[in-house]
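Pasted below: run32.txt, compact mmCIF, C-alpha atoms.
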```txt
# COMPACT_ATOMS: atom_id res chain seq x y z
CA MET R 1 122.87 87.03 98.41
CA LYS R 2 119.62 86.00 100.03
CA GLN R 3 117.58 83.42 98.22
CA ARG R 4 113.83 83.88 98.11
CA SER R 5 112.33 80.46 97.68
CA CYS R 6 108.96 78.97 98.38
CA GLN R 7 108.12 75.59 99.76
CA HIS R 8 105.74 73.41 97.80
CA VAL R 9 103.73 70.58 99.33
CA GLY R 10 102.33 67.30 98.04
CA THR R 11 103.32 66.40 94.51
CA ALA R 12 104.91 69.81 93.95
CA ALA R 13 107.57 69.25 96.60
CA THR R 14 110.32 68.78 94.04
CA VAL R 15 109.50 71.89 92.02
CA ALA R 16 112.22 74.52 92.51
CA VAL R 17 110.52 77.90 92.23
CA LEU R 18 110.97 81.47 93.34
CA LEU R 19 107.56 82.89 94.21
CA LEU R 20 107.38 86.04 96.31
CA LEU R 21 104.18 86.16 98.27
CA ALA R 22 102.23 88.66 100.34
CA THR R 23 100.45 87.78 103.58
CA THR R 24 97.81 90.44 104.07
CA LEU R 25 94.26 90.45 102.74
CA THR R 26 93.97 89.44 99.13
CA HIS R 27 93.50 92.14 96.56
CA ALA R 28 91.93 92.76 93.19
CA ILE R 29 92.94 94.52 90.03
CA ILE R 30 91.60 98.05 89.63
CA ASN R 31 92.35 99.98 86.43
CA GLY R 32 92.70 96.65 84.66
CA THR R 33 91.90 95.42 81.16
CA LEU R 34 90.01 92.31 80.11
CA ASP R 35 92.65 89.64 79.58
CA GLY R 36 90.94 87.46 76.99
CA ASN R 37 93.43 84.72 76.12
CA LEU R 38 96.65 86.62 76.89
CA HIS R 39 97.33 84.67 80.10
CA PRO R 40 95.36 81.42 79.80
CA ASN R 41 97.34 79.70 82.58
CA VAL R 42 95.85 82.05 85.21
CA GLY R 43 92.73 80.48 86.68
CA VAL R 44 90.11 81.18 89.32
CA VAL R 45 89.47 78.91 92.31
CA ILE R 46 85.94 77.80 93.21
CA SER R 47 85.02 75.92 96.39
CA GLU R 48 81.82 74.92 98.18
CA VAL R 49 80.49 74.79 101.75
CA ASP R 50 77.05 73.37 102.53
CA GLY R 51 76.01 73.70 98.91
CA GLN R 52 77.11 77.35 98.64
CA LYS R 53 79.85 77.90 96.11
CA PHE R 54 82.37 80.71 96.60
CA SER R 55 85.39 82.07 94.77
CA PRO R 56 88.19 83.12 97.13
CA CYS R 57 91.22 83.59 94.87
CA SER R 58 93.13 83.08 91.64
CA GLY R 59 96.35 81.28 90.83
CA ASN R 60 98.59 79.80 88.13
CA LEU R 61 98.99 76.54 86.31
CA ILE R 62 102.70 75.70 86.68
CA ALA R 63 102.55 72.09 85.41
CA PRO R 64 99.82 70.08 83.66
CA THR R 65 98.62 68.70 87.01
CA VAL R 66 99.77 71.43 89.42
CA PHE R 67 98.08 74.76 90.14
CA VAL R 68 99.76 77.13 92.59
CA GLY R 69 97.94 79.64 94.75
CA ALA R 70 98.41 81.66 97.92
CA ALA R 71 98.55 79.48 101.03
CA HIS R 72 96.36 81.89 102.98
CA CYS R 73 93.61 81.38 100.41
CA LEU R 74 93.79 77.59 100.48
CA GLU R 75 94.01 77.70 104.28
CA PHE R 76 90.80 79.75 104.30
CA ILE R 77 89.06 77.10 102.18
CA LYS R 78 90.14 74.42 104.66
CA LEU R 79 89.09 76.44 107.72
CA VAL R 80 85.59 77.16 106.45
CA GLY R 81 85.10 73.51 105.60
CA GLY R 82 85.38 73.59 101.82
CA THR R 83 84.32 70.13 100.68
CA GLN R 84 85.39 70.40 97.05
CA VAL R 85 87.66 72.62 94.99
CA TRP R 86 87.64 73.39 91.30
CA VAL R 87 89.64 75.66 88.99
CA SER R 88 88.44 77.37 85.82
CA PHE R 89 90.80 78.81 83.23
CA ALA R 90 88.01 80.51 81.26
CA SER R 91 88.62 84.23 80.71
CA HIS R 92 85.04 84.80 81.85
CA VAL R 93 83.09 82.50 84.15
CA ASP R 94 79.37 83.14 83.95
CA ALA R 95 77.91 83.50 87.46
CA ASP R 96 76.05 85.82 89.78
CA VAL R 97 78.65 87.14 92.22
CA ASN R 98 78.00 88.55 95.70
CA PHE R 99 81.50 89.39 96.88
CA ILE R 100 82.95 85.86 97.21
CA GLU R 101 79.67 83.93 97.02
CA VAL R 102 78.71 82.73 93.56
CA SER R 103 75.39 81.38 92.31
CA ASN R 104 73.92 80.38 88.95
CA LEU R 105 77.45 79.28 88.11
CA ASP R 106 78.29 77.86 84.70
CA THR R 107 80.13 74.70 85.74
CA SER R 108 81.11 73.60 82.24
CA THR R 109 84.70 74.88 82.54
CA LEU R 110 85.36 73.72 86.12
CA ILE R 111 88.22 71.25 86.62
CA PRO R 112 88.07 69.27 89.91
CA GLY R 113 91.19 69.32 92.03
CA THR R 114 92.67 68.26 95.35
CA LEU R 115 93.59 70.89 97.93
CA HIS R 116 97.09 70.79 99.48
CA PRO R 117 97.37 73.46 102.23
CA ASN R 118 100.95 74.32 103.18
CA PRO R 119 101.81 73.18 106.74
CA ALA R 120 104.72 75.66 106.78
CA PHE R 121 102.46 78.67 106.18
CA ASP R 122 102.86 81.30 108.91
CA ALA R 123 101.03 84.56 108.31
CA HIS R 124 103.14 86.32 110.95
CA GLY R 125 106.54 85.01 109.93
CA PRO R 126 109.21 87.08 108.15
CA ASP R 127 108.89 84.60 105.27
CA PRO R 128 105.32 83.31 105.52
CA ASN R 129 105.75 80.49 102.98
CA ASP R 130 102.49 81.76 101.49
CA VAL R 131 102.26 79.24 98.69
CA ALA R 132 100.22 76.06 98.34
CA VAL R 133 98.96 73.92 95.50
CA ILE R 134 95.90 72.30 94.02
CA THR R 135 96.60 69.17 92.01
CA PHE R 136 94.58 67.66 89.18
CA GLU R 137 94.17 63.93 88.63
CA THR R 138 93.98 64.45 84.88
CA PRO R 139 96.53 66.75 83.17
CA VAL R 140 95.18 70.04 81.87
CA VAL R 141 95.50 70.10 78.08
CA GLY R 142 95.54 73.01 75.67
CA ILE R 143 97.12 75.43 78.18
CA THR R 144 100.86 76.06 78.45
CA PRO R 145 101.91 76.31 82.12
CA ALA R 146 103.58 79.48 83.38
CA VAL R 147 107.38 79.54 83.14
CA LEU R 148 108.92 79.65 86.60
CA PRO R 149 111.92 81.90 87.26
CA THR R 150 115.23 80.56 88.46
CA PRO R 151 115.87 80.93 92.22
CA GLY R 152 117.43 84.30 93.00
CA LEU R 153 116.44 85.91 89.68
CA LEU R 154 115.05 89.09 91.25
CA ASP R 155 118.07 89.35 93.58
CA GLU R 156 120.36 89.15 90.58
CA LEU R 157 118.38 91.73 88.62
CA GLY R 158 118.31 94.00 91.67
CA GLN R 159 122.08 93.82 92.10
CA GLN R 160 122.49 94.78 88.45
CA ASN R 161 119.99 97.64 88.86
CA GLY R 162 117.85 95.70 86.42
CA LEU R 163 114.64 96.22 88.40
CA LYS R 164 114.72 100.01 88.29
CA ASP R 165 112.53 100.32 85.22
CA GLN R 166 111.16 96.77 85.18
CA LEU R 167 107.42 96.50 84.61
CA PHE R 168 105.26 93.65 85.88
CA THR R 169 101.99 92.38 84.42
CA VAL R 170 99.48 91.57 87.16
CA VAL R 171 96.76 89.05 86.23
CA GLY R 172 93.78 87.73 88.15
CA TYR R 173 90.06 87.61 88.79
CA GLY R 174 87.97 89.52 91.32
CA VAL R 175 87.10 93.10 92.15
CA ASN R 176 87.46 95.34 89.10
CA GLN R 177 86.19 98.66 90.45
CA ARG R 178 84.92 100.32 93.60
CA ILE R 179 82.00 102.64 94.11
CA VAL R 180 82.88 105.52 96.42
CA GLY R 181 80.11 107.29 98.32
CA GLU R 182 78.86 107.27 101.86
CA GLY R 183 80.70 104.86 104.15
CA GLN R 184 83.24 102.34 102.98
CA PRO R 185 83.90 101.95 99.23
CA THR R 186 81.73 99.22 97.69
CA PRO R 187 83.67 96.66 95.65
CA VAL R 188 82.24 95.49 92.34
CA ARG R 189 83.34 91.95 91.56
CA ASP R 190 82.89 89.47 88.74
CA LEU R 191 84.71 86.44 87.38
CA ASN R 192 86.49 88.11 84.47
CA ARG R 193 90.23 87.61 84.13
CA LEU R 194 91.91 91.03 84.12
CA PHE R 195 95.46 92.26 83.68
CA ALA R 196 97.26 95.51 84.40
CA THR R 197 100.84 96.78 84.45
CA SER R 198 102.70 97.82 87.59
CA GLY R 199 106.15 99.20 88.27
CA LEU R 200 108.40 98.22 91.14
CA ASN R 201 107.96 99.81 94.54
CA ALA R 202 110.34 97.68 96.61
CA LEU R 203 111.89 94.22 96.78
CA GLY R 204 111.70 92.84 100.30
CA GLN R 205 112.85 89.65 101.99
CA ALA R 206 109.80 87.66 100.90
CA LEU R 207 107.65 90.16 99.07
CA LEU R 208 107.77 92.03 95.80
CA ARG R 209 105.93 95.33 96.32
CA LEU R 210 104.45 96.79 93.15
CA SER R 211 103.39 100.35 92.45
CA MET R 212 99.70 101.27 92.69
CA ASN R 213 100.13 104.74 91.16
CA THR R 214 97.04 105.05 88.95
CA GLN R 215 98.25 108.48 87.76
CA LYS R 216 100.92 106.58 85.85
CA ALA R 217 98.35 104.04 84.58
CA MET R 218 99.61 101.44 87.02
CA ALA R 219 97.41 98.71 88.45
CA ALA R 220 95.67 99.71 91.65
CA ARG R 221 94.74 96.95 94.05
CA MET R 222 92.31 96.97 96.95
CA PRO R 223 91.34 94.53 99.73
CA ALA R 224 89.14 91.87 98.18
CA THR R 225 89.34 88.21 97.34
CA LEU R 226 91.91 87.57 94.70
CA ALA R 227 95.41 86.24 94.46
CA ALA R 228 97.00 87.75 91.40
CA ALA R 229 99.91 86.42 89.41
CA SER R 230 102.64 88.84 88.42
CA PHE R 231 104.68 88.27 85.27
CA LEU R 232 107.82 90.06 84.15
CA ALA R 233 106.46 92.35 81.44
CA ASN R 234 107.01 91.22 77.85
CA ARG R 235 107.78 87.70 79.09
CA THR R 236 105.79 84.61 80.02
CA GLN R 237 107.91 84.22 83.14
CA LEU R 238 106.09 84.24 86.46
CA SER R 239 107.73 86.45 89.07
CA GLN R 240 105.25 86.52 91.92
CA LEU R 241 101.94 85.19 93.14
CA SER R 242 100.72 87.95 95.37
CA ASP R 243 97.84 88.78 97.63
```
Kindly transcribe the structure held in the file into structure tokens.
Amino acid sequence: MKQRSCQHVGTAATVAVLLLLATTLTHAIINGTLDGNLHPNVGVVISEVDGQKFSPCSGNLIAPTVFVGAAHCLEFIKLVGGTQVWVSFASHVDADVNFIEVSNLDTSTLIPGTLHPNPAFDAHGPDPNDVAVITFETPVVGITPAVLPTPGLLDELGQQNGLKDQLFTVVGYGVNQRIVGEGQPTPVRDLNRLFATSGLNALGQALLRLSMNTQKAMAARMPATLAAASFLANRTQLSQLSD
């Protein structure tokens, strides 16, 4: 049985976790519902370059001082010269949003963190190790971290045919709709935490592919700027942090 494990860096190096990650452009939740306080451990990442703040992705609190996100997102922050990184766990962050750029941002809920890009990340590898962490100097209080699955959980469920009808709850911030007209669809984005339910499409070597069949009220996702956490439905157990 193949194990699907992810490598953590920095202070999260000893955390044993199965996180299945995608490597393409990040996506957003279409056909989603306002999350409110259903998944308070899902937060949105804010960074800054030359005084311009931007919001490239979401992620999950997995320990009081450890926030996990997609490595390709944190690598992007490093490449563009992000000088500071914060995380907000508010269900709605008040700001004017122009795709990933944010202005007039309410900073009252921002928690400063330290970026830890993953040196093992390889966007073109069969297992891209697309996971990295942000750490907090002061523990986050009042929020219960996501429960991490045991290594090999999805393999075991798959062998028992337990994934056939399994639903997954996708949670994140970002694009919530698209306007279709002339030219390319125009994404509409804000900093509301959304959730939606998806069924299983396929379980790959390092990627859990979820259904985007909106005719069955599943979550549709489109290229945008969000890393969304996926939970096993009716549980608080994290199964994937996807693009």
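Surrounding residues of (100.4, 75.3, 106.6) at most 12 Å away are Gln7, His8, Val9, Gly10, Ala70, Ala71, His72, Cys73, Leu74, Glu75, Phe76, Lys78, Leu79, Leu115, His116, Pro117, Asn118, Pro119, Ala120, Phe121, Asp122, Ala123, Gly125, Pro128, Asn129, Asp130, Val131, Ala132 and Val133 of chain R (based on all atoms listed in the file).
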Proximity to R:Phe168 - best of R:Leu34, R:Leu210, R:Val141, R:Val49, only C-alpha atoms: R:Leu210
Gap from atom CA of R:Gln84 to atom CA of R:Gly113 - Å, one decimal: 7.7 Å
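With only C-alpha atoms as the atoms that count, the minimum distance from R:Gln166 to the choices R:Leu191, R:Ile134, R:Leu203, R:Ile143 is reached by R:Leu203.
When all atoms listed in the file are used to compute distances to R:Asp127, the closest of the residues R:Gly81, R:Gly152, R:Gly204, R:Pro40 turns out to be R:Gly204.
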Box time for stretch 48-62 of chain R: axis-aligned, enclosing all its listed atoms, 4 Å extra on each side; report centre and edge lengths in Å to one decimal, as JSON.
```
{"center_x": 89.4, "center_y": 78.5, "center_z": 94.4, "size_x": 34.7, "size_y": 18.2, "size_z": 24.2}
```
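Relative to atom CA of R:Ala90, atom CA of R:Thr144 is found at 13.9 Å.
Our summary of the geometry notes that atom CA of R:Thr33 is positioned 26.7 Å from atom CA of R:Pro64.
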Surrounding residues of R:Ile111 excluding itself and chain neighbours under 6 positions, 7 Å, all atoms listed in the file, as a ChimeraX atom specification: /R:86-88
Long-range neighbours of R:Ile46 as number ranges by chain, 12 Å cut-off, all atoms listed in the file, 6 positions minimum in chain: R: 52-59, 73-74, 77, 82-89, 93, 95, 97, 100-103, 105-107, 109-115, 134, 173, 191, 225-226
Kindly export the residues of the current selection with C-alpha atoms, as a short mmCIF file (atom, residue, chain, number, x, y, z; two decimals), in the frame of the given file.
```cif
data_model
loop_
_atom_site.label_atom_id
_atom_site.label_comp_id
_atom_site.auth_asym_id
_atom_site.auth_seq_id
_atom_site.Cartn_x
_atom_site.Cartn_y
_atom_site.Cartn_z
CA GLN R 52 77.11 77.35 98.64
CA LYS R 53 79.85 77.90 96.11
CA PHE R 54 82.37 80.71 96.60
CA SER R 55 85.39 82.07 94.77
CA PRO R 56 88.19 83.12 97.13
CA CYS R 57 91.22 83.59 94.87
CA SER R 58 93.13 83.08 91.64
CA GLY R 59 96.35 81.28 90.83
CA CYS R 73 93.61 81.38 100.41
CA LEU R 74 93.79 77.59 100.48
CA ILE R 77 89.06 77.10 102.18
CA GLY R 82 85.38 73.59 101.82
CA THR R 83 84.32 70.13 100.68
CA GLN R 84 85.39 70.40 97.05
CA VAL R 85 87.66 72.62 94.99
CA TRP R 86 87.64 73.39 91.30
CA VAL R 87 89.64 75.66 88.99
CA SER R 88 88.44 77.37 85.82
CA PHE R 89 90.80 78.81 83.23
CA VAL R 93 83.09 82.50 84.15
CA ALA R 95 77.91 83.50 87.46
CA VAL R 97 78.65 87.14 92.22
CA ILE R 100 82.95 85.86 97.21
CA GLU R 101 79.67 83.93 97.02
CA VAL R 102 78.71 82.73 93.56
CA SER R 103 75.39 81.38 92.31
CA LEU R 105 77.45 79.28 88.11
CA ASP R 106 78.29 77.86 84.70
CA THR R 107 80.13 74.70 85.74
CA THR R 109 84.70 74.88 82.54
CA LEU R 110 85.36 73.72 86.12
CA ILE R 111 88.22 71.25 86.62
CA PRO R 112 88.07 69.27 89.91
CA GLY R 113 91.19 69.32 92.03
CA THR R 114 92.67 68.26 95.35
CA LEU R 115 93.59 70.89 97.93
CA ILE R 134 95.90 72.30 94.02
CA TYR R 173 90.06 87.61 88.79
CA LEU R 191 84.71 86.44 87.38
CA THR R 225 89.34 88.21 97.34
CA LEU R 226 91.91 87.57 94.70
#
```
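Closest to R:Gly142 among R:Asn104, R:Leu61, R:Gly36, R:Phe67 is R:Leu61, based on only C-alpha atoms.
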